[in-house]
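Colleague: One structure is given below, represented as structure tokens, and several questions about it will come after.
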Amino acid sequence: MSVIRKSLSTEMLPQGLSDRQRFIRFAELFEHFSNTGELDPASDVPFRATMNSIHIGTTMLGRCDGSFVTVRREKRQVIETGDDRFCLVRNTGDRSSQVVHRGREFTMRPGSMVLLKLDEPFFAADGASQKRFTNVHLPVDSLRAMVADIDDLVGSELEPGGALSLVMDYSDLLLRHPAAADEAGMAIASHLLDLAAIGLGARSDVAAAARRRGLRAVRLKTVLSALEARFHEPDFSAQKLAGAAGLSERYVNELLFEAGASFTTRLTELRLRKAADLLTHREGRISDIAFACGFNDLSYFNRCFRRRFGLTPTAARGK
């Protein structure tokens, strides 16, 4: 799993710029640094900002400290980035912030958190000239597989404490010592995902698996859930499954092999079972059913089906 570290600060800008020029130049660099949102500078103090981020596959840790009054994600960024991840944010400043997201307006007190969805705009302001926050971007498929009704938690204040605060404390520590991510990126991303899921109310079976067999079992459950949700996609691959789960492809293949079957075997089995069910209960052409289940070659589907069930798809109709 690749690890990319980035940093951006007004200290990097050329000397001699006016305050307005400093902000404009910083905003241009910020667009390339992280097209997550836009900043509005404070008018009563000189503009200053420092940002750091660590990207581990589809997981991102970020920290921002600067003299700006609002942070917002516009529709433009939503469209340009196509990013649909969850974003867990902690207010690390000393002032409460008013946040608007998904049509909801609420207060985020110092130390508290909010779960945002990056495929929708948001706005945050606190009336102060200084803002500090830490954020973690997490893969959407993985969290949805682990936490029931997670979308109901989006756009409301989350109390500090427990596993969610551990996620942010861990992220802050890593952002201060980023070399650790180079050495253990995959384990870090997986650990952050597990902590976030537990803090957000992971389903009882996921939490029980974590207690019984540790984090490896939780990750396997996440991988299997993502596979079951997306097996019908014609181009779904082990690489895409790994991306959905926020893990490396090698690690995903190891988990599946240890659980008794390879990625290809599991994928084909899920597709064939679904096809058999549709052949029994639905009218329509066999080719349409095969394609709906993820097969893109009818001859290959017929061979796999006969080998698995001992009869042709035509013979299976209505049985």
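To be explicit about the labels: the chains of the structure tokens are called A, B, and onward in the order shown, and within each one the residues are counted from 1, while ligands get numbers from 1 in the order they are shown.
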Each residue of region 96-212 of chain A with at least one atom at most 12 Å from region 37-50 of chain A should appear once, together with its nearest atom pair and the corresponding distance in Å (one decimal); atoms considered: only C-alpha atoms; ordering: chain, then increasing residue number; output as CSV.
Modeller:
residue,atom,partner,partner_atom,distance
A:Leu118,CA,A:Gly37,CA,9.7
A:Asp119,CA,A:Gly37,CA,11.7
A:Glu120,CA,A:Gly37,CA,11.2
A:Pro121,CA,A:Gly37,CA,8.8
A:Phe122,CA,A:Gly37,CA,8.7
A:Phe123,CA,A:Gly37,CA,9.2
A:Ala124,CA,A:Leu39,CA,9.9
A:Ala125,CA,A:Asp40,CA,9.6
A:Asp126,CA,A:Ala42,CA,11.3
A:Gly127,CA,A:Ala42,CA,9.3
A:Ala128,CA,A:Ala42,CA,8.0
A:Ser129,CA,A:Ala42,CA,5.1
A:Gln130,CA,A:Ala42,CA,7.8
A:Lys131,CA,A:Ala49,CA,9.3
A:Arg132,CA,A:Ala49,CA,9.7
A:Phe133,CA,A:Thr50,CA,11.2
Colleague: Just the helix (DSSP H, G or I) stuff from region 20-256 of chain A, please, per backbone DSSP, written as number ranges by chain.
Modeller: A: 20-33, 75-81, 140-146, 150-153, 162-176, 179-199, 204-213, 215-230, 238-245, 249-256
Colleague: I'd like the interatomic distance between CA of Phe33 (chain A) and CA of Arg63 (chain A), to a tenth of an Å.
Modeller: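 Distance between the two atoms: 12.4 Å.
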Colleague: If you run DSSP over the backbone, which residues in region 85-318 of chain A end up strand (DSSP E or B)? Put them as an MDAnalysis selection string.
Modeller: chainID A and resid 86:91 97:101 104:108 113:117 122:125 131:138 154 157:158
Colleague: For the residues in that selection, give me N, CA and C atoms as a tab-separated table (two decimals), in the first residue's frame.
Modeller:
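out_5.tsv, written as the output of this step:
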chain	number	residue	atom	x	y	z
A	86	PHE	N	-16.02	8.86	3.63
A	86	PHE	CA	-16.41	9.49	4.88
A	86	PHE	C	-15.22	10.29	5.40
A	87	CYS	N	-15.50	11.40	6.06
A	87	CYS	CA	-14.45	12.24	6.63
A	87	CYS	C	-14.80	12.51	8.09
A	88	LEU	N	-13.99	11.98	8.98
A	88	LEU	CA	-14.16	12.19	10.41
A	88	LEU	C	-13.29	13.38	10.81
A	89	VAL	N	-13.90	14.42	11.38
A	89	VAL	CA	-13.20	15.66	11.70
A	89	VAL	C	-13.32	15.95	13.19
A	90	ARG	N	-12.21	16.37	13.81
A	90	ARG	CA	-12.25	16.82	15.21
A	90	ARG	C	-11.88	18.30	15.28
A	91	ASN	N	-12.66	19.03	16.03
A	91	ASN	CA	-12.37	20.44	16.30
A	91	ASN	C	-11.29	20.50	17.37
A	97	SER	N	-17.65	25.56	16.84
A	97	SER	CA	-17.81	25.88	15.42
A	97	SER	C	-19.22	25.52	14.98
A	98	GLN	N	-19.81	26.38	14.19
A	98	GLN	CA	-21.12	26.09	13.61
A	98	GLN	C	-20.93	25.40	12.26
A	99	VAL	N	-21.53	24.25	12.12
A	99	VAL	CA	-21.34	23.42	10.92
A	99	VAL	C	-22.67	23.22	10.23
A	100	VAL	N	-22.66	23.27	8.91
A	100	VAL	CA	-23.84	22.99	8.09
A	100	VAL	C	-23.48	21.88	7.11
A	101	HIS	N	-24.25	20.79	7.14
A	101	HIS	CA	-23.99	19.66	6.26
A	101	HIS	C	-25.28	18.86	6.11
A	104	ARG	N	-28.40	20.13	7.68
A	104	ARG	CA	-28.45	20.24	9.14
A	104	ARG	C	-27.45	21.29	9.61
A	105	GLU	N	-27.83	22.07	10.61
A	105	GLU	CA	-26.91	23.02	11.24
A	105	GLU	C	-26.76	22.64	12.70
A	106	PHE	N	-25.53	22.55	13.18
A	106	PHE	CA	-25.29	22.11	14.54
A	106	PHE	C	-23.97	22.72	15.04
A	107	THR	N	-23.76	22.62	16.34
A	107	THR	CA	-22.55	23.15	16.97
A	107	THR	C	-21.56	22.02	17.22
A	108	MET	N	-20.31	22.24	16.85
A	108	MET	CA	-19.25	21.28	17.15
A	108	MET	C	-18.31	21.92	18.17
A	113	MET	N	-16.42	15.85	17.51
A	113	MET	CA	-16.16	15.43	16.14
A	113	MET	C	-17.44	15.45	15.32
A	114	VAL	N	-17.26	15.33	14.02
A	114	VAL	CA	-18.38	15.21	13.10
A	114	VAL	C	-17.97	14.26	11.98
A	115	LEU	N	-18.94	13.49	11.50
A	115	LEU	CA	-18.72	12.61	10.35
A	115	LEU	C	-19.34	13.29	9.13
A	116	LEU	N	-18.50	13.62	8.16
A	116	LEU	CA	-18.95	14.25	6.93
A	116	LEU	C	-18.91	13.24	5.79
A	117	LYS	N	-19.67	13.53	4.74
A	117	LYS	CA	-19.64	12.73	3.51
A	117	LYS	C	-19.14	13.65	2.41
A	122	PHE	N	-20.22	21.14	2.55
A	122	PHE	CA	-20.33	21.47	3.97
A	122	PHE	C	-19.76	22.86	4.21
A	123	PHE	N	-20.06	23.40	5.38
A	123	PHE	CA	-19.62	24.75	5.75
A	123	PHE	C	-19.38	24.77	7.25
A	124	ALA	N	-18.27	25.39	7.69
A	124	ALA	CA	-17.98	25.50	9.12
A	124	ALA	C	-17.41	26.88	9.43
A	125	ALA	N	-17.91	27.51	10.47
A	125	ALA	CA	-17.43	28.83	10.89
A	125	ALA	C	-17.60	28.96	12.39
A	131	LYS	N	-8.28	28.69	13.29
A	131	LYS	CA	-8.95	27.39	13.22
A	131	LYS	C	-7.91	26.28	13.30
A	132	ARG	N	-8.25	25.22	14.01
A	132	ARG	CA	-7.40	24.02	14.07
A	132	ARG	C	-8.31	22.80	14.02
A	133	PHE	N	-7.98	21.88	13.16
A	133	PHE	CA	-8.77	20.65	13.09
A	133	PHE	C	-7.92	19.50	12.55
A	134	THR	N	-8.32	18.30	12.90
A	134	THR	CA	-7.72	17.07	12.39
A	134	THR	C	-8.80	16.29	11.68
A	135	ASN	N	-8.47	15.69	10.56
A	135	ASN	CA	-9.48	14.93	9.82
A	135	ASN	C	-8.89	13.62	9.29
A	136	VAL	N	-9.75	12.63	9.17
A	136	VAL	CA	-9.37	11.32	8.64
A	136	VAL	C	-10.39	10.92	7.59
A	137	HIS	N	-9.93	10.67	6.38
A	137	HIS	CA	-10.80	10.20	5.30
A	137	HIS	C	-10.76	8.67	5.28
A	138	LEU	N	-11.93	8.04	5.25
A	138	LEU	CA	-12.03	6.59	5.36
A	138	LEU	C	-12.86	6.02	4.21
A	154	VAL	N	-24.10	10.90	9.89
A	154	VAL	CA	-23.49	11.99	9.14
A	154	VAL	C	-24.19	13.31	9.46
A	157	GLU	N	-23.06	16.38	15.67
A	157	GLU	CA	-21.91	16.37	16.58
A	157	GLU	C	-21.74	15.01	17.22
A	158	LEU	N	-20.50	14.54	17.29
A	158	LEU	CA	-20.16	13.28	17.95
A	158	LEU	C	-19.35	13.60	19.20
Colleague: Would you mind telling me which residue in A:Ser142, A:Thr92, A:Asn52, A:Ser225 lies nearest to Pro178 (chain A) when using only C-alpha atoms?
Modeller: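 Between A:Ser142, A:Thr92, A:Asn52, A:Ser225, the residue approaching Pro178 (chain A) most closely is A:Asn52.
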Colleague: What's the 8 Å shell around Leu247 (chain A), counting only C-alpha atoms, without same-chain residues fewer than 2 positions away, as a ChimeraX atom specification?
Modeller: /A:1,57,186,189-190,242-245,249,251-252
Colleague: Please measure the separation of CA of Gly62 (chain A) and CA of Ala238 (chain A), giving the value in Å to one decimal.
Modeller: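 Distance between the two atoms: 27.8 Å.
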Colleague: Between CA of Asn35 (chain A) and CA of Arg20 (chain A), measure the distance and give it in Å to one decimal.
Modeller: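 Distance between the two atoms: 20.5 Å.
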Colleague: Just the residues within 12 Å of Ser34 (chain A), please, counting only C-alpha atoms, with nothing from its chain fewer than 2 positions along; format it as an MDAnalysis selection string.
Modeller: chainID A and resid 5:8 26:32 36:39 51:55 60:64 73 77 80:81 83 137
Colleague: Between A:Glu159, A:Asp169, A:Asp182, A:Asp149, which residue has the minimum interatomic distance to Val3 (chain A), considering only C-alpha atoms?
Modeller: A:Asp182
Colleague: Quick one: residues within 8 Å of Ala197 (chain A), only C-alpha atoms, excluding same-chain residues fewer than 4 positions away - as a list of chain:residue names?
Modeller: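 My reading of the contact set: A:Leu143, A:Met146, A:Val147, A:Leu193, A:Gly201, A:Ala202.
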Colleague: Let's have the selection written as a CSV table (one decimal), in the first residue's frame, with N, CA and C atoms.
Modeller:
chain,number,residue,atom,x,y,z
A,143,LEU,N,-16.6,1.1,5.8
A,143,LEU,CA,-17.4,1.5,7.0
A,143,LEU,C,-18.8,1.1,6.9
A,146,MET,N,-19.2,-2.4,8.0
A,146,MET,CA,-19.0,-2.6,9.4
A,146,MET,C,-20.0,-2.0,10.4
A,147,VAL,N,-20.6,-0.8,10.0
A,147,VAL,CA,-21.4,-0.1,10.9
A,147,VAL,C,-22.8,0.1,10.2
A,193,LEU,N,-9.3,2.3,10.7
A,193,LEU,CA,-10.6,1.9,10.2
A,193,LEU,C,-11.3,1.1,11.3
A,201,GLY,N,-20.1,2.6,16.3
A,201,GLY,CA,-21.1,1.6,16.6
A,201,GLY,C,-21.1,0.5,15.7
A,202,ALA,N,-20.0,-0.2,15.5
A,202,ALA,CA,-19.9,-1.4,14.7
A,202,ALA,C,-21.0,-2.4,15.0
Colleague: Please provide the set of residues having any atom within 12 Å of region 299-313 of chain A, restricted to only C-alpha atoms, with same-chain residues fewer than 3 positions apart removed, written as a ChimeraX atom specification.
Modeller: /A:265,268-280,285-296,316-319
